[in-house]
2 protein chains.
Amino acid sequence: MAVTIKDVAKMAGVSPSTVSRVLSNHPRISAETSRKVKDVMEELGYHPNIMAKSLVSKTTNTICVLLPKPAEELFSNLFFMELIRGIVAQANRAGYDVLLSSGSSEKEELGAVSRLLNGRRVDGAILLYSRKDDPVVDFLLEHGYPFTLIGRSEEHPDILTVDTDNVQAAYDATKHLITMGHERIGFVSGPPNLVVSQDRLLGYRLAMADSELEVRPEWIVEGEFLQESGYRAMSFIMNLPARPTALVVVDDMVSFGVLRGLHELKYKVPDDLGIVSFNNIPLSELSTPPISSIDIGIYHLGYTASQLLIQAIQNDGAGYQPVRQVIPHRLIVRESSAFAVPRK
Amino acid sequence: MAVTIKDVAKMAGVSPSTVSRVLSNHPRISAETSRKVKDVMEELGYHPNIMAKSLVSKTTNTICVLLPKPAEELFSNLFFMELIRGIVAQANRAGYDVLLSSGSSEKEELGAVSRLLNGRRVDGAILLYSRKDDPVVDFLLEHGYPFTLIGRSEEHPDILTVDTDNVQAAYDATKHLITMGHERIGFVSGPPNLVVSQDRLLGYRLAMADSELEVRPEWIVEGEFLQESGYRAMSFIMNLPARPTALVVVDDMVSFGVLRGLHELKYKVPDDLGIVSFNNIPLSELSTPPISSIDIGIYHLGYTASQLLIQAIQNDGAGYQPVRQVIPHRLIVRESSAFAVPRK
DNA sequence: TCCTTTAGTGAAACCGTTTGCCCTTATCTT
DNA sequence: AAGATAAGGGCAAACGGTTTCACTAAAGGA
């Protein structure tokens, strides 16, 4: 049987309340008593029971990270790993624990959220990315639970979010290729129902328009955030009669697919096709060739999401206003866009 | 104010005890009462308070994953991602939540473990890999907390572990290269104080000995589980007067480093250097060229670790005997070891 | 018909903390 | 010197469940 606050109290010759107050540094405890109690705690190896504490304080010092439904595959993406790493680092620093939760179906997903939040097991949640009409967002909003969304919600512009300026990022990426001498530039996009896909596509279009370059519809290919998509997009694009000399690719994983396909077909990067993509996951610099990528500060994104969530939790009710925080990005130029060899 | 068991009881015209029993499917509740109570729960939107439940049941239905100290870098390794993915999947299936915990220093690490276990916030822990003389292992053992170690402990052979037969795996990898016609084979190892490094090195030696092939000391290079190590190992080895024609590499991430270096120096894989490595992380097939790798079933490893831990928790005390479970591995042959071009 | 089972439920104690309120002393005020 | 104030602690009631025990009513046994 574990040693409780009462055991300490008895041994120190004080009441349980006093021990509790020592624990929370209550001002009305004399230095002497505090000393004495702490000694006893040490001696007995006392550790406060977190559950009991949570029960009465109605706060768990725990947040949860909700892995999106198709987590099974996506989870393999280093992107999420980095995100979680940032979240955990900041949460731990702030004295919070992080619970990981995934559901294999949408129903399960909602069930898990409901169990965790309604069951008062966690104080708030982080959503790793934004889908359209996300029922989880609706649920959280409806119940007034604190949460941070990584990304941007079209339906709910006024919730707590941490995001990249994806339009600008894509603009920058595209401009970079243009600067390197490319004129025929394609775009490999993600699922059209993800806000991030839309934003990046828009940025690409803006940059092309600004430079008065033509954008042919067949140069824009949609897919998933998976390498297979990149592979497919690549074969489609390389078979076009007038094919682009460079590609803006929505995600590094997708670029890996493109790269692999090109390698199989004996094409050279960047000579035959320049590439720049997004996210700059830790492996972007390790591929052959290393991929130029927009660094969106994934770790930082997670770190900030965690920070804001905890702030929201702690100021809940106190007229807390949700924020939309934008994390700056920057282009990392590597070999995949090294120099232009425009072909006519 | 959230709706409690008492509210339900009042509304349903029964006692709280009855509601509680309905919740836990107690056999001695009439179908009629059960029906009635459940309706009321539904109507009121009742959700049991998990903390309260934990307090009295002295069980949290939560396990924690302890990220090793230098997690900051290692965490970027897809290996851990896969592991965690497996752990979470199985835990959730068994009705357990997973808490992620990392400490930036060894002291913090132990503090975290102690807080979580002693504070009764989690029922058990999973250690992601085994270090020599791990103080965390000592702590857990000393207090009798259930835990699973992924890997193998030299000091404590009789604890619950899930592992790969790394000796055999390395043997297989090496034999494969030999079968492909290689005779001069080197080995890029990990930190010497990790059991896994030792075991794999041993397997390599055994295979070489079995085939009566020479192993030159300079063909064995130690490093970290990081790509930089691979890069360094590569440049060292390629500068040897009589260099190997193939390499067994202790981890895929390290192979990426090797690959990158070779690419920079315009060497071809597998023509100039055959490579086979371990773990088969999801990116192994995406590199250029794709890496032959021993698939150790990372996900499965995590899944099993979780499963065994939960078993141990549930049978704790009931004469539970720790197990050492070995997950089978298999070689995935890809381009990096495609066919031998032995050089004299 | 009377006694023992058995099924179904309620009462109350308890899990380990926190905290509002009250009660002592010791220290000031005037 | 006596009432007021302040400082330091203790009591007991929550927090939201679970579980032992006791109780009632119906059923079964002799």
# chains A, B, ... in the order shown; residues from 1 in each chain; ligands from 1
call {"tool": "closest_atom_pairs", "arguments": {"of": "chain A", "to": "chain B", "cutoff": "7 Å", "atoms": "only C-alpha atoms", "output": "Markdown table"}}
result
| residue | atom | partner | partner_atom | distance |
| --- | --- | --- | --- | --- |
| A:His47 | CA | B:Gly119 | CA | 5.6 |
| A:Pro48 | CA | B:Gly119 | CA | 5.6 |
| A:Asn49 | CA | B:Gly119 | CA | 4.6 |
| A:Ile50 | CA | B:Gly119 | CA | 5.4 |
| A:Met51 | CA | B:Met51 | CA | 5.4 |
| A:Ala52 | CA | B:Leu55 | CA | 5.8 |
| A:Ser54 | CA | B:Met51 | CA | 6.6 |
| A:Leu55 | CA | B:Met51 | CA | 5.6 |
| A:Ser76 | CA | B:Glu82 | CA | 6.7 |
| A:Leu78 | CA | B:Leu78 | CA | 6.6 |
| A:Met81 | CA | B:Met81 | CA | 6.5 |
| A:Glu82 | CA | B:Ser76 | CA | 6.7 |
| A:Asp97 | CA | B:Leu99 | CA | 6.9 |
| A:Val98 | CA | B:Leu100 | CA | 5.6 |
| A:Leu99 | CA | B:Leu99 | CA | 4.4 |
| A:Leu100 | CA | B:Val98 | CA | 5.6 |
| A:Asn118 | CA | B:His47 | CA | 6.0 |
| A:Gly119 | CA | B:Asn49 | CA | 4.6 |
| A:Arg120 | CA | B:Asn49 | CA | 6.0 |
| A:Arg121 | CA | B:Ile50 | CA | 6.0 |
| A:Phe256 | CA | B:Leu286 | CA | 6.4 |
| A:Arg260 | CA | B:Thr288 | CA | 6.4 |
| A:Leu286 | CA | B:Arg260 | CA | 6.5 |
| A:Ser287 | CA | B:Ser287 | CA | 6.2 |
| A:Thr288 | CA | B:Thr288 | CA | 6.0 |
call {"tool": "write_last_selection", "arguments": {"atoms": "C-alpha atoms", "output": "PDB file, in the first residue's frame"}}
result
ATOM      1  CA  HIS A  47       4.444  10.727  -3.809  1.00  0.00           C
ATOM      2  CA  PRO A  48       1.165  12.519  -4.252  1.00  0.00           C
ATOM      3  CA  ASN A  49      -1.532  10.515  -5.938  1.00  0.00           C
ATOM      4  CA  ILE A  50      -2.181  12.373  -9.146  1.00  0.00           C
ATOM      5  CA  MET A  51      -5.604  10.895  -9.650  1.00  0.00           C
ATOM      6  CA  ALA A  52      -6.866  12.019  -6.295  1.00  0.00           C
ATOM      7  CA  SER A  54      -7.117  15.612 -10.319  1.00  0.00           C
ATOM      8  CA  LEU A  55     -10.416  14.525  -8.919  1.00  0.00           C
ATOM      9  CA  SER A  76       4.536   7.163 -40.818  1.00  0.00           C
ATOM     10  CA  LEU A  78       8.041  12.253 -40.281  1.00  0.00           C
ATOM     11  CA  MET A  81       6.751  12.865 -35.659  1.00  0.00           C
ATOM     12  CA  GLU A  82       8.312  16.303 -35.600  1.00  0.00           C
ATOM     13  CA  ASP A  97       1.664  15.219 -19.864  1.00  0.00           C
ATOM     14  CA  VAL A  98       0.732  14.239 -23.361  1.00  0.00           C
ATOM     15  CA  LEU A  99      -1.717  11.522 -24.230  1.00  0.00           C
ATOM     16  CA  LEU A 100      -1.687  10.048 -27.708  1.00  0.00           C
ATOM     17  CA  ASN A 118     -16.052  14.409 -21.222  1.00  0.00           C
ATOM     18  CA  GLY A 119     -14.456  11.925 -18.889  1.00  0.00           C
ATOM     19  CA  ARG A 120     -12.196  14.680 -17.657  1.00  0.00           C
ATOM     20  CA  ARG A 121      -9.071  12.735 -18.387  1.00  0.00           C
ATOM     21  CA  PHE A 256      10.392  11.257 -52.531  1.00  0.00           C
ATOM     22  CA  ARG A 260      12.217   7.676 -57.059  1.00  0.00           C
ATOM     23  CA  LEU A 286      19.145  13.064 -47.086  1.00  0.00           C
ATOM     24  CA  SER A 287      17.516  12.060 -50.312  1.00  0.00           C
ATOM     25  CA  THR A 288      19.469  11.790 -53.501  1.00  0.00           C
TER      26      THR A 288
END
call {"tool": "closest_atom_pairs", "arguments": {"of": "chain A", "to": "chain D", "cutoff": "8 Å", "atoms": "only C-alpha atoms (C1' of nucleotides)", "output": "CSV"}}
result
residue,atom,partner,partner_atom,distance
A:Ser15,CA,D:DG10,C1',6.3
A:Ser17,CA,D:DG10,C1',7.5
A:Thr18,CA,D:DG9,C1',6.8
A:Arg28,CA,D:DG8,C1',6.3
A:Ile29,CA,D:DG8,C1',6.4
A:Ser30,CA,D:DG8,C1',7.0
A:Leu55,CA,D:DC15,C1',5.5
A:Val56,CA,D:DC15,C1',4.5
A:Ser57,CA,D:DC15,C1',7.9
call {"tool": "interface_residues", "arguments": {"of": "chain C", "to": "chain A", "cutoff": "10 Å", "atoms": "only C-alpha atoms (C1' of nucleotides)", "output": "list of chain:residue names"}}
result
C:DC15, C:DG16, C:DT17, C:DT18, C:DT19
call {"tool": "select_by_dssp", "arguments": {"residues": "stretch 110-251 of chain B", "states": "alpha helix (DSSP H)", "output": "MDAnalysis selection string"}}
result
chainID B and resid 110:118 135:143 166:179 195:210 227:238
call {"tool": "atom_distance", "arguments": {"atom1": "atom CA of A:Ala209", "atom2": "atom CA of A:His182"}}
result
13.9 Å
call {"tool": "atom_distance", "arguments": {"atom1": "atom CA of B:Val196", "atom2": "atom CA of B:Ile294"}}
result
13.6 Å
call {"tool": "select_by_dssp", "arguments": {"residues": "stretch 43-156 of chain A", "states": "strand (DSSP E or B)", "output": "ChimeraX atom specification"}}
result
/A:62-67,97-102,124-127,147-150
